[in-house]
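Student: Next comes input.cif, mmCIF, C-alpha atoms:
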```
data_data
loop_
_atom_site.label_atom_id
_atom_site.label_comp_id
_atom_site.auth_asym_id
_atom_site.auth_seq_id
_atom_site.Cartn_x
_atom_site.Cartn_y
_atom_site.Cartn_z
CA MET A 1 22.87 -6.21 -12.74
CA THR A 2 21.34 -7.20 -9.39
CA THR A 3 19.73 -3.77 -9.08
CA ILE A 4 18.28 -4.03 -12.59
CA ILE A 5 16.78 -7.46 -11.84
CA LEU A 6 15.31 -6.25 -8.54
CA VAL A 7 13.86 -3.13 -10.18
CA VAL A 8 12.24 -5.12 -13.00
CA LEU A 9 10.86 -7.61 -10.46
CA LEU A 10 9.52 -4.70 -8.40
CA PHE A 11 7.65 -3.25 -11.37
CA VAL A 12 6.29 -6.70 -12.26
CA LEU A 13 4.99 -7.19 -8.71
CA LEU A 14 3.45 -3.71 -8.72
CA ILE A 15 1.90 -3.56 -12.17
CA PHE A 16 0.92 -7.09 -13.14
CA PRO A 17 -1.31 -7.73 -10.08
CA HIS A 18 -2.96 -4.31 -10.58
CA GLU A 19 -3.91 -5.08 -14.19
CA LEU A 20 -4.73 -8.67 -13.25
CA GLY A 21 -7.23 -7.32 -10.73
CA HIS A 22 -9.02 -5.35 -13.48
CA PHE A 23 -8.89 -8.42 -15.75
CA LEU A 24 -10.31 -10.88 -13.20
CA ALA A 25 -13.05 -8.47 -12.11
CA ALA A 26 -13.99 -7.81 -15.75
CA LYS A 27 -14.23 -11.54 -16.43
CA ALA A 28 -16.28 -12.02 -13.25
CA CYS A 29 -18.70 -9.32 -14.46
CA ASN A 30 -18.83 -10.93 -17.95
CA VAL A 31 -17.10 -8.01 -19.67
CA LYS A 32 -15.27 -8.84 -22.90
CA VAL A 33 -11.53 -8.11 -22.60
CA ASN A 34 -9.96 -7.42 -26.00
CA GLU A 35 -6.35 -7.30 -24.79
CA PHE A 36 -4.54 -7.91 -21.53
CA SER A 37 -1.01 -6.51 -21.66
CA PHE A 38 1.92 -6.18 -19.32
CA GLY A 39 4.31 -3.35 -20.14
CA MET A 40 4.23 -0.60 -22.72
CA GLY A 41 5.77 -0.04 -26.15
CA PRO A 42 6.45 -2.62 -28.88
CA VAL A 43 5.03 -6.12 -28.40
CA LEU A 44 7.59 -8.77 -27.47
CA ILE A 45 5.29 -11.77 -27.07
CA SER A 46 1.59 -12.17 -27.82
CA LYS A 47 -0.88 -15.02 -27.83
CA LYS A 48 -4.54 -15.00 -28.83
CA GLY A 49 -6.86 -16.69 -26.40
CA ARG A 50 -10.50 -17.56 -27.02
CA GLU A 51 -11.37 -13.87 -27.23
CA THR A 52 -8.52 -11.99 -25.51
CA LEU A 53 -5.10 -11.11 -26.89
CA TYR A 54 -2.44 -11.59 -24.18
CA SER A 55 0.80 -9.64 -24.72
CA VAL A 56 4.08 -8.70 -23.06
CA ARG A 57 5.62 -5.41 -24.20
CA MET A 58 9.14 -4.07 -24.18
CA ILE A 59 9.02 -1.54 -21.33
CA PRO A 60 8.07 -3.16 -17.98
CA ILE A 61 6.42 0.01 -16.69
CA GLY A 62 2.67 0.16 -17.11
CA GLY A 63 0.23 -2.19 -18.72
CA PHE A 64 -3.45 -2.28 -19.55
CA CYS A 65 -6.62 -4.31 -19.61
CA ALA A 66 -8.47 -3.18 -22.75
CA MET A 67 -12.17 -3.88 -22.26
CA GLU A 68 -14.82 -3.76 -24.95
CA GLY A 69 -16.58 -0.37 -24.99
CA GLU A 70 -14.40 1.14 -22.26
CA ASP A 71 -13.60 4.47 -23.93
CA THR A 72 -15.82 4.62 -27.02
CA GLU A 73 -19.44 4.43 -28.07
CA ASP A 74 -18.68 1.61 -30.50
CA SER A 75 -20.06 -0.95 -28.06
CA GLY A 76 -23.62 -0.24 -29.22
CA GLU A 77 -26.00 -2.65 -27.51
CA ASN A 78 -23.35 -5.26 -26.75
CA PRO A 79 -24.33 -6.51 -23.26
CA ARG A 80 -20.71 -7.54 -22.58
CA ALA A 81 -19.30 -4.05 -23.16
CA PHE A 82 -17.96 -2.20 -20.13
CA ASN A 83 -20.13 0.88 -20.77
CA ASN A 84 -23.28 -1.24 -20.84
CA LYS A 85 -22.71 -2.81 -17.44
CA ARG A 86 -24.42 -1.70 -14.21
CA TRP A 87 -22.76 1.18 -12.34
CA TRP A 88 -21.76 -1.02 -9.41
CA GLN A 89 -20.12 -3.56 -11.73
CA LYS A 90 -18.04 -0.78 -13.29
CA ILE A 91 -16.90 0.42 -9.88
CA ILE A 92 -15.97 -3.13 -8.82
CA ILE A 93 -13.83 -3.51 -11.95
CA LEU A 94 -12.17 -0.11 -11.46
CA LEU A 95 -11.46 -0.74 -7.76
CA ALA A 96 -10.04 -4.21 -8.40
CA GLY A 97 -6.61 -2.88 -9.43
CA VAL A 98 -6.23 -0.77 -6.29
CA THR A 99 -7.46 -3.70 -4.19
CA MET A 100 -4.73 -5.90 -5.66
CA ASN A 101 -2.09 -3.28 -4.80
CA VAL A 102 -3.27 -3.25 -1.18
CA LEU A 103 -3.26 -7.06 -1.22
CA ILE A 104 0.34 -7.11 -2.50
CA ALA A 105 1.38 -4.80 0.34
CA PHE A 106 -0.43 -7.00 2.85
CA VAL A 107 1.19 -10.20 1.53
CA ALA A 108 4.67 -8.63 1.50
CA LEU A 109 4.34 -7.37 5.07
CA SER A 110 2.83 -10.68 6.24
CA ILE A 111 5.91 -12.48 4.88
CA VAL A 112 8.12 -10.06 6.82
CA CYS A 113 6.10 -10.62 10.00
CA GLY A 114 6.15 -14.38 9.52
CA ALA A 115 9.92 -14.49 9.04
CA GLN A 116 10.94 -11.98 11.69
CA GLY A 117 8.14 -12.79 14.11
CA THR A 118 5.27 -10.69 15.40
CA ILE A 119 5.82 -8.71 18.57
CA GLU A 120 2.91 -8.92 21.03
CA ASN A 121 2.19 -6.85 24.10
CA THR A 122 2.38 -9.97 26.29
CA LEU A 123 5.65 -9.92 28.21
CA ALA A 124 8.18 -12.69 27.62
CA ALA A 125 10.60 -11.52 30.30
CA VAL A 126 10.78 -8.97 33.13
CA PRO A 127 14.38 -8.63 34.43
CA GLU A 128 14.45 -8.78 38.24
CA THR A 129 16.73 -5.74 38.44
CA GLY A 130 14.31 -3.48 36.56
CA PRO A 131 11.63 -1.08 37.86
CA ALA A 132 8.80 -3.15 36.36
CA TYR A 133 9.72 -6.31 38.30
CA GLU A 134 10.21 -4.39 41.53
CA ALA A 135 6.75 -2.82 41.06
CA GLY A 136 5.13 -6.25 40.64
CA ILE A 137 4.89 -6.86 36.88
CA ARG A 138 5.68 -10.46 35.83
CA PRO A 139 6.27 -12.45 32.59
CA GLY A 140 2.96 -13.39 30.96
CA ASP A 141 1.33 -10.07 31.84
CA SER A 142 -0.18 -8.13 28.92
CA ILE A 143 0.24 -4.36 29.02
CA ILE A 144 -3.16 -2.83 28.29
CA MET A 145 -2.61 0.75 29.49
CA VAL A 146 0.23 3.23 30.02
CA ASN A 147 -1.02 5.97 32.37
CA ASP A 148 -4.36 6.87 30.70
CA THR A 149 -3.43 5.58 27.23
CA GLU A 150 -4.96 2.24 26.23
CA THR A 151 -2.68 -0.18 24.36
CA SER A 152 -3.53 -3.33 22.42
CA THR A 153 -0.30 -3.84 20.43
CA TRP A 154 3.38 -3.63 21.30
CA TYR A 155 3.79 -0.71 18.91
CA GLU A 156 1.16 1.16 20.92
CA VAL A 157 2.92 0.21 24.14
CA THR A 158 6.30 1.53 22.98
CA GLY A 159 4.71 4.67 21.57
CA ALA A 160 2.83 5.36 24.79
CA LEU A 161 5.93 4.74 26.93
CA GLN A 162 7.94 7.12 24.79
CA ASP A 163 5.29 9.81 25.25
CA GLU A 164 4.59 9.22 28.93
CA MET A 165 7.97 8.46 30.51
CA LYS A 166 9.77 11.45 32.03
CA PRO A 167 13.01 11.47 34.06
CA GLY A 168 12.28 11.04 37.77
CA GLU A 169 8.50 10.89 37.26
CA PRO A 170 6.41 7.76 37.97
CA VAL A 171 4.52 6.02 35.17
CA THR A 172 1.54 3.75 35.78
CA ILE A 173 1.37 0.48 33.86
CA THR A 174 -1.90 -1.48 33.79
CA VAL A 175 -1.67 -5.15 32.86
CA SER A 176 -4.05 -8.02 32.28
CA ARG A 177 -3.15 -11.10 34.34
CA ASN A 178 -5.41 -14.16 34.21
CA GLY A 179 -8.33 -11.95 33.24
CA GLU A 180 -7.69 -9.48 36.08
CA LYS A 181 -6.60 -5.87 35.59
CA LEU A 182 -3.71 -4.77 37.81
CA SER A 183 -1.99 -1.37 37.92
CA PHE A 184 1.60 -0.73 39.00
CA SER A 185 3.50 2.53 39.45
CA MET A 186 7.25 2.79 38.80
CA ILE A 187 9.95 5.32 37.99
CA PRO A 188 11.79 4.66 34.70
CA VAL A 189 15.59 4.39 34.75
CA GLU A 190 18.12 5.54 32.20
CA SER A 191 19.70 2.99 29.87
CA GLY A 192 22.12 4.63 27.49
CA ASP A 193 20.30 7.59 25.98
CA ARG A 194 16.76 6.44 26.78
CA LEU A 195 14.40 5.69 29.65
CA VAL A 196 13.28 2.10 30.30
CA ILE A 197 11.11 0.20 32.78
CA GLY A 198 12.65 -3.25 32.12
CA VAL A 199 10.23 -5.37 30.07
CA GLU A 200 10.68 -7.64 27.04
CA ALA A 201 7.89 -8.45 24.60
CA THR A 202 6.91 -11.88 23.29
CA VAL A 203 7.90 -12.64 19.68
CA VAL A 204 5.49 -15.09 18.01
CA HIS A 205 6.16 -17.12 14.84
CA SER A 206 2.92 -18.50 13.39
CA PHE A 207 0.73 -18.16 10.31
CA GLY A 208 -2.02 -16.46 12.28
CA SER A 209 0.31 -13.96 13.90
CA ALA A 210 1.95 -13.25 10.52
CA VAL A 211 -1.43 -12.48 8.92
CA LYS A 212 -2.50 -10.38 11.89
CA GLY A 213 0.82 -8.53 11.94
CA GLY A 214 0.74 -8.00 8.17
CA ALA A 215 -2.75 -6.51 8.39
CA ALA A 216 -1.73 -4.23 11.26
CA MET A 217 1.44 -3.08 9.49
CA THR A 218 -0.53 -2.43 6.27
CA GLY A 219 -2.97 -0.23 8.15
CA GLU A 220 -0.21 1.62 9.99
CA LEU A 221 1.78 2.14 6.78
CA ALA A 222 -1.31 3.42 4.97
CA GLY A 223 -1.94 5.91 7.77
CA SER A 224 1.70 7.06 7.67
CA LEU A 225 1.47 7.52 3.89
CA LEU A 226 -1.63 9.69 4.23
CA ASP A 227 0.17 11.84 6.79
CA SER A 228 3.18 12.10 4.45
CA ILE A 229 0.98 13.08 1.51
CA ARG A 230 -0.64 15.84 3.55
CA SER A 231 2.80 17.01 4.68
CA ILE A 232 4.11 17.08 1.10
CA ILE A 233 1.10 19.07 -0.11
CA HIS A 234 1.47 21.60 2.70
CA SER A 235 5.23 21.91 2.08
CA GLY A 236 4.62 23.37 -1.38
CA ASN A 237 7.74 21.63 -2.73
CA VAL A 238 6.21 18.49 -4.22
CA LEU A 239 8.92 17.72 -6.79
CA GLU A 240 11.59 17.46 -4.10
CA GLU A 241 9.50 14.97 -2.12
CA VAL A 242 8.22 12.63 -4.85
CA SER A 243 10.05 10.18 -7.10
CA GLY A 244 9.40 8.44 -10.40
CA PRO A 245 10.97 5.34 -12.00
CA VAL A 246 14.49 6.82 -11.86
CA GLY A 247 14.07 7.55 -8.16
CA VAL A 248 12.79 4.03 -7.57
CA VAL A 249 15.91 2.60 -9.23
CA GLN A 250 18.09 4.65 -6.89
CA ILE A 251 16.10 3.60 -3.81
CA VAL A 252 16.30 -0.08 -4.77
CA SER A 253 20.04 0.28 -5.34
CA GLU A 254 20.47 1.82 -1.89
CA THR A 255 18.31 -0.70 -0.02
CA SER A 256 19.15 -3.95 -1.83
CA SER A 257 22.21 -4.51 0.36
CA TYR A 258 20.07 -4.54 3.50
CA GLY A 259 18.35 -7.81 2.59
CA ILE A 260 15.06 -9.24 1.37
CA TYR A 261 12.94 -7.85 4.20
CA TYR A 262 13.83 -4.25 3.36
CA TYR A 263 13.00 -5.02 -0.27
CA LEU A 264 9.59 -6.44 0.69
CA PHE A 265 8.88 -3.40 2.87
CA LEU A 266 9.81 -1.16 -0.07
CA LEU A 267 7.47 -3.19 -2.29
CA ALA A 268 4.63 -2.71 0.21
CA LEU A 269 5.35 1.01 0.52
CA ILE A 270 5.36 1.66 -3.24
CA SER A 271 2.34 -0.61 -3.80
CA LEU A 272 0.29 1.40 -1.30
CA ASN A 273 1.54 4.62 -2.90
CA LEU A 274 0.33 3.33 -6.26
CA ALA A 275 -3.05 2.46 -4.75
CA PHE A 276 -3.49 5.97 -3.31
CA PHE A 277 -2.34 7.58 -6.56
CA ASN A 278 -4.80 5.56 -8.64
CA LEU A 279 -7.67 6.56 -6.37
CA LEU A 280 -7.13 10.27 -7.06
CA PRO A 281 -10.17 11.74 -8.88
CA PHE A 282 -8.06 12.64 -11.92
CA PRO A 283 -8.98 11.70 -15.53
CA ALA A 284 -7.41 8.45 -16.82
CA LEU A 285 -6.81 7.18 -13.26
CA ASP A 286 -9.16 4.66 -11.67
CA GLY A 287 -10.43 7.33 -9.28
CA GLY A 288 -11.26 9.67 -12.17
CA ARG A 289 -13.11 6.91 -14.01
CA ILE A 290 -15.12 6.13 -10.87
CA VAL A 291 -16.11 9.81 -10.68
CA PHE A 292 -17.46 9.61 -14.24
CA VAL A 293 -19.34 6.39 -13.42
CA ILE A 294 -21.07 8.17 -10.54
CA ILE A 295 -21.80 11.29 -12.62
CA ARG A 296 -23.27 9.25 -15.47
CA MET A 297 -25.26 7.16 -13.00
CA ILE A 298 -26.88 10.37 -11.72
CA THR A 299 -27.22 12.28 -15.01
CA GLY A 300 -27.85 9.41 -17.40
CA LYS A 301 -26.40 10.12 -20.85
CA ALA A 302 -25.75 13.82 -20.24
CA ILE A 303 -22.06 12.96 -20.68
CA SER A 304 -21.43 10.68 -23.67
CA ALA A 305 -18.87 7.89 -23.67
CA ARG A 306 -17.01 9.75 -26.40
CA ALA A 307 -16.79 12.92 -24.28
CA GLU A 308 -15.56 10.89 -21.32
CA ALA A 309 -12.95 9.18 -23.51
CA THR A 310 -11.70 12.60 -24.65
CA VAL A 311 -11.33 13.78 -21.05
CA HIS A 312 -9.42 10.63 -20.12
CA ALA A 313 -7.16 11.03 -23.17
CA ILE A 314 -6.31 14.57 -22.05
CA GLY A 315 -5.72 13.28 -18.54
CA MET A 316 -3.34 10.63 -19.88
CA VAL A 317 -1.33 13.28 -21.75
CA LEU A 318 -1.08 15.32 -18.54
CA LEU A 319 0.02 12.25 -16.58
CA ILE A 320 2.74 11.50 -19.13
CA ALA A 321 3.87 15.12 -18.89
CA LEU A 322 3.92 14.81 -15.09
CA ALA A 323 5.96 11.62 -15.35
CA LEU A 324 8.50 13.40 -17.55
CA VAL A 325 8.75 16.30 -15.11
CA VAL A 326 9.23 13.95 -12.14
CA THR A 327 11.81 11.96 -14.08
CA GLY A 328 13.68 15.17 -14.87
CA SER A 329 13.55 16.08 -11.19
CA ASP A 330 14.93 12.63 -10.24
CA ILE A 331 17.81 13.06 -12.68
CA MET A 332 18.63 16.49 -11.27
CA LYS A 333 18.68 15.02 -7.76
CA LEU A 334 21.18 12.40 -8.94
CA ILE A 335 23.37 15.09 -10.51
CA ARG A 336 23.27 17.19 -7.35
CA GLY A 337 23.69 14.27 -5.11
#
```
Rewrite the structure of this file - the entire thing - as structure tokens.
Tutor:
Amino acid sequence: MTTIILVVLLFVLLIFPHELGHFLAAKACNVKVNEFSFGMGPVLISKKGRETLYSVRMIPIGGFCAMEGEDTEDSGENPRAFNNKRWWQKIIILLAGVTMNVLIAFVALSIVCGAQGTIENTLAAVPETGPAYEAGIRPGDSIIMVNDTETSTWYEVTGALQDEMKPGEPVTITVSRNGEKLSFSMIPVESGDRLVIGVEATVVHSFGSAVKGGAAMTGELAGSLLDSIRSIIHSGNVLEEVSGPVGVVQIVSETSSYGIYYYLFLLALISLNLAFFNLLPFPALDGGRIVFVIIRMITGKAISARAEATVHAIGMVLLIALALVVTGSDIMKLIRG
């Protein structure tokens, strides 16, 4: 039951903000929204607003923001129809969903940073028995370079140390102390199964550091996702590397016991995945619709709204087929696993 609740909450936090982004941007651009719905399938609850029907549907996967004149030519000369808006307004509306997904990832990671603290490259402690202290490094110093590698965050410091430290070989650490740059050479020592120089970073708990850390983690996670996507494409075995709703349920079940911070990190990871997926230039996705906006901006009415709607409908059928294939792959993984 806990897993089911967490999975439903995950989909709500992923989908509702995405559709809400489209809705708010449409309203800001004075586009008439006929229906704003969370979920798919039969309607559970609905309420008619001044001009928009708000509904909640049975299956909490998906949702839509149905704008006037979005996929048909029935809008005519209606100035509030999506198809009659300026090209840049259309792109703002289409990008709003992806922007909200990135924002959700940023908020989730900022909460994690705020609760666990943000690690900075300013040193909180330098044990007197370690190589760093013997070389001259002191608490309060900020590590700004490891050998020839510049560092501005603790993650960069640890990454550079891992790359640069070799058994029995000196490593040069450059620090900033009271505005002055100082360099120190030392030989790392073994501690368990790793090499260390004997420094401890400062952990900061503040709103500013949480926001800064959340932004940094969002950027780093986005970069890692891009690398993973390239790796998956080059592997040629996409189905084994990707997961659908069934796979998400399994992942949530496996990680829920680790605590709220793992759950928030998972939320950020999937939210960024959803943002990247929606930006793909494929029909029915936000990226595909943006491509058509640009094409129609350049060619005028060479491609009719009806023709575009047909292409998006075909794209939606293909996406549903893909979802079914991925779901089947997830089920087979569970059977094998």
Student: So, counting only C-alpha atoms, which residue among A:Val204, A:Val98, A:Met67, A:Ile4 is closest to A:Gly117?
Tutor: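 Among A:Val204, A:Val98, A:Met67, A:Ile4, it is A:Val204 that comes nearest to A:Gly117.
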Student: Using atom CA of A:Ile260 and atom CA of A:Pro60 as the two end points, give the distance in Å to one decimal.
Tutor: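 Here the two named atoms are 21.5 Å from each other.
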Student: Could you give me, as a VMD selection string, the residues within 12 Å of A:Glu120, counting all atoms listed in the file and dropping anything in the same chain fewer than 6 positions from it?
Tutor: chain A and resid 113 140 to 144 151 to 158 200 to 205 209 to 210 212 to 213 216
Student: Give me the residues within 12 Å of stretch 105-109 of chain A as a VMD selection string, counting all atoms listed in the file and dropping any in the same chain fewer than 3 places off.
Tutor: chain A and resid 10 13 to 14 17 to 18 98 to 102 112 to 118 207 209 to 222 260 to 275
Student: Between atom CA of A:Gly315 and atom CA of A:Pro283, what distance in Å does the model show, to one decimal?
Tutor: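 Atom-to-atom, atom CA of A:Gly315 and atom CA of A:Pro283 are spaced 4.7 Å apart.
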Student: What separation in Å, quoted to one decimal, exists between atom CA of A:Leu20 and atom CA of A:Ala66?
Tutor: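 Pair atom CA of A:Leu20 / atom CA of A:Ala66 returns 11.6 Å.
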Student: Given the file shown, determine the residues that the PyMOL selection byres ((chain A and resi 39) around 8) selects; report them as a list in words.
Tutor: Ser37, Phe38, Met40, Gly41, Val56, Arg57, Met58, Ile59, Pro60, Ile61, Gly62, Gly63 and Phe64 of chain A
Student: Every residue with an atom at most 9 Å from (-14.0, -5.8, -21.4) (file coordinates; all atoms listed in the file) is what I'm after, so could you write them as a list in words?
Tutor: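 Collected hits near the coordinates: Phe23, Ala26, Lys27, Asn30, Val31, Lys32, Val33, Asn34, Glu35, Cys65, Ala66, Met67, Glu68, Gly69, Glu70, Arg80, Ala81 and Phe82 of chain A.
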Student: Can you list what the PyMOL selection byres ((chain A and resi 52) around 7) grabs from this structure, as a list in words?
Tutor: Val33, Asn34, Glu35, Phe36, Lys48, Gly49, Arg50, Glu51, Leu53 and Tyr54 of chain A
Student: Using all atoms listed in the file, which of the listed residues (A:Leu226, A:Ala132, A:Val248, A:Ala313) sits closest to A:Val8?
Tutor: A:Val248
Student: Starting from the incomplete input, reconstruct N, CA, C and O atoms of stretch 27-52 of chain A and write that as an mmCIF file, in the frame of the given file.
Tutor:
```cif
data_model
loop_
_atom_site.group_PDB
_atom_site.id
_atom_site.type_symbol
_atom_site.label_atom_id
_atom_site.label_comp_id
_atom_site.auth_asym_id
_atom_site.auth_seq_id
_atom_site.Cartn_x
_atom_site.Cartn_y
_atom_site.Cartn_z
ATOM 1 N N LYS A 27 -13.756 -10.205 -16.069
ATOM 2 C CA LYS A 27 -14.230 -11.540 -16.430
ATOM 3 C C LYS A 27 -15.372 -11.974 -15.512
ATOM 4 O O LYS A 27 -16.348 -12.590 -15.951
ATOM 5 N N ALA A 28 -15.236 -11.647 -14.213
ATOM 6 C CA ALA A 28 -16.280 -12.020 -13.250
ATOM 7 C C ALA A 28 -17.590 -11.309 -13.554
ATOM 8 O O ALA A 28 -18.672 -11.845 -13.291
ATOM 9 N N CYS A 29 -17.506 -10.094 -14.103
ATOM 10 C CA CYS A 29 -18.700 -9.320 -14.460
ATOM 11 C C CYS A 29 -19.122 -9.546 -15.907
ATOM 12 O O CYS A 29 -19.963 -8.811 -16.436
ATOM 13 N N ASN A 30 -18.509 -10.554 -16.565
ATOM 14 C CA ASN A 30 -18.830 -10.930 -17.950
ATOM 15 C C ASN A 30 -18.607 -9.775 -18.924
ATOM 16 O O ASN A 30 -19.409 -9.532 -19.833
ATOM 17 N N VAL A 31 -17.501 -9.061 -18.737
ATOM 18 C CA VAL A 31 -17.100 -8.010 -19.670
ATOM 19 C C VAL A 31 -16.064 -8.598 -20.627
ATOM 20 O O VAL A 31 -15.131 -9.283 -20.199
ATOM 21 N N LYS A 32 -16.217 -8.331 -21.916
ATOM 22 C CA LYS A 32 -15.270 -8.840 -22.900
ATOM 23 C C LYS A 32 -13.964 -8.046 -22.804
ATOM 24 O O LYS A 32 -13.966 -6.817 -22.850
ATOM 25 N N VAL A 33 -12.845 -8.744 -22.652
ATOM 26 C CA VAL A 33 -11.530 -8.110 -22.600
ATOM 27 C C VAL A 33 -10.841 -8.359 -23.937
ATOM 28 O O VAL A 33 -10.558 -9.510 -24.295
ATOM 29 N N ASN A 34 -10.581 -7.286 -24.678
ATOM 30 C CA ASN A 34 -9.960 -7.420 -26.000
ATOM 31 C C ASN A 34 -8.473 -7.717 -25.910
ATOM 32 O O ASN A 34 -7.938 -8.500 -26.696
ATOM 33 N N GLU A 35 -7.773 -7.051 -24.953
ATOM 34 C CA GLU A 35 -6.350 -7.300 -24.790
ATOM 35 C C GLU A 35 -5.949 -7.108 -23.338
ATOM 36 O O GLU A 35 -6.390 -6.166 -22.679
ATOM 37 N N PHE A 36 -5.115 -8.012 -22.873
ATOM 38 C CA PHE A 36 -4.540 -7.910 -21.530
ATOM 39 C C PHE A 36 -3.031 -7.864 -21.715
ATOM 40 O O PHE A 36 -2.421 -8.829 -22.175
ATOM 41 N N SER A 37 -2.416 -6.711 -21.368
ATOM 42 C CA SER A 37 -1.010 -6.510 -21.660
ATOM 43 C C SER A 37 -0.226 -6.088 -20.429
ATOM 44 O O SER A 37 -0.698 -5.290 -19.628
ATOM 45 N N PHE A 38 0.973 -6.647 -20.328
ATOM 46 C CA PHE A 38 1.920 -6.180 -19.320
ATOM 47 C C PHE A 38 3.013 -5.404 -20.034
ATOM 48 O O PHE A 38 3.619 -5.891 -20.989
ATOM 49 N N GLY A 39 3.286 -4.185 -19.544
ATOM 50 C CA GLY A 39 4.310 -3.350 -20.140
ATOM 51 C C GLY A 39 3.747 -2.425 -21.205
ATOM 52 O O GLY A 39 2.566 -2.486 -21.557
ATOM 53 N N MET A 40 4.601 -1.570 -21.694
ATOM 54 C CA MET A 40 4.230 -0.600 -22.720
ATOM 55 C C MET A 40 5.214 -0.703 -23.887
ATOM 56 O O MET A 40 6.275 -1.308 -23.770
ATOM 57 N N GLY A 41 4.865 -0.056 -25.010
ATOM 58 C CA GLY A 41 5.770 -0.040 -26.150
ATOM 59 C C GLY A 41 5.550 -1.220 -27.081
ATOM 60 O O GLY A 41 4.492 -1.865 -27.055
ATOM 61 N N PRO A 42 6.561 -1.536 -27.895
ATOM 62 C CA PRO A 42 6.450 -2.620 -28.880
ATOM 63 C C PRO A 42 6.160 -3.971 -28.212
ATOM 64 O O PRO A 42 6.649 -4.259 -27.123
ATOM 65 N N VAL A 43 5.383 -4.801 -28.910
ATOM 66 C CA VAL A 43 5.030 -6.120 -28.400
ATOM 67 C C VAL A 43 6.210 -7.073 -28.538
ATOM 68 O O VAL A 43 6.819 -7.184 -29.602
ATOM 69 N N LEU A 44 6.551 -7.751 -27.445
ATOM 70 C CA LEU A 44 7.590 -8.770 -27.470
ATOM 71 C C LEU A 44 7.012 -10.152 -27.716
ATOM 72 O O LEU A 44 7.503 -10.923 -28.527
ATOM 73 N N ILE A 45 5.961 -10.461 -26.974
ATOM 74 C CA ILE A 45 5.290 -11.770 -27.070
ATOM 75 C C ILE A 45 3.791 -11.536 -27.038
ATOM 76 O O ILE A 45 3.307 -10.701 -26.271
ATOM 77 N N SER A 46 3.053 -12.265 -27.851
ATOM 78 C CA SER A 46 1.590 -12.170 -27.820
ATOM 79 C C SER A 46 0.981 -13.526 -28.142
ATOM 80 O O SER A 46 1.582 -14.333 -28.857
ATOM 81 N N LYS A 47 -0.176 -13.765 -27.569
ATOM 82 C CA LYS A 47 -0.880 -15.020 -27.830
ATOM 83 C C LYS A 47 -2.386 -14.751 -27.762
ATOM 84 O O LYS A 47 -2.865 -14.133 -26.807
ATOM 85 N N LYS A 48 -3.096 -15.200 -28.758
ATOM 86 C CA LYS A 48 -4.540 -15.000 -28.830
ATOM 87 C C LYS A 48 -5.258 -16.106 -28.094
ATOM 88 O O LYS A 48 -5.074 -17.304 -28.389
ATOM 89 N N GLY A 49 -6.039 -15.726 -27.097
ATOM 90 C CA GLY A 49 -6.860 -16.690 -26.400
ATOM 91 C C GLY A 49 -8.176 -16.864 -27.115
ATOM 92 O O GLY A 49 -8.312 -16.542 -28.308
ATOM 93 N N ARG A 50 -9.194 -17.352 -26.404
ATOM 94 C CA ARG A 50 -10.500 -17.560 -27.020
ATOM 95 C C ARG A 50 -11.088 -16.258 -27.547
ATOM 96 O O ARG A 50 -11.682 -16.215 -28.617
ATOM 97 N N GLU A 51 -10.893 -15.162 -26.767
ATOM 98 C CA GLU A 51 -11.370 -13.870 -27.230
ATOM 99 C C GLU A 51 -10.427 -12.723 -26.842
ATOM 100 O O GLU A 51 -10.587 -11.600 -27.290
ATOM 101 N N THR A 52 -9.426 -13.015 -26.015
ATOM 102 C CA THR A 52 -8.520 -11.990 -25.510
ATOM 103 C C THR A 52 -7.111 -12.182 -26.051
ATOM 104 O O THR A 52 -6.607 -13.310 -26.095
#
```
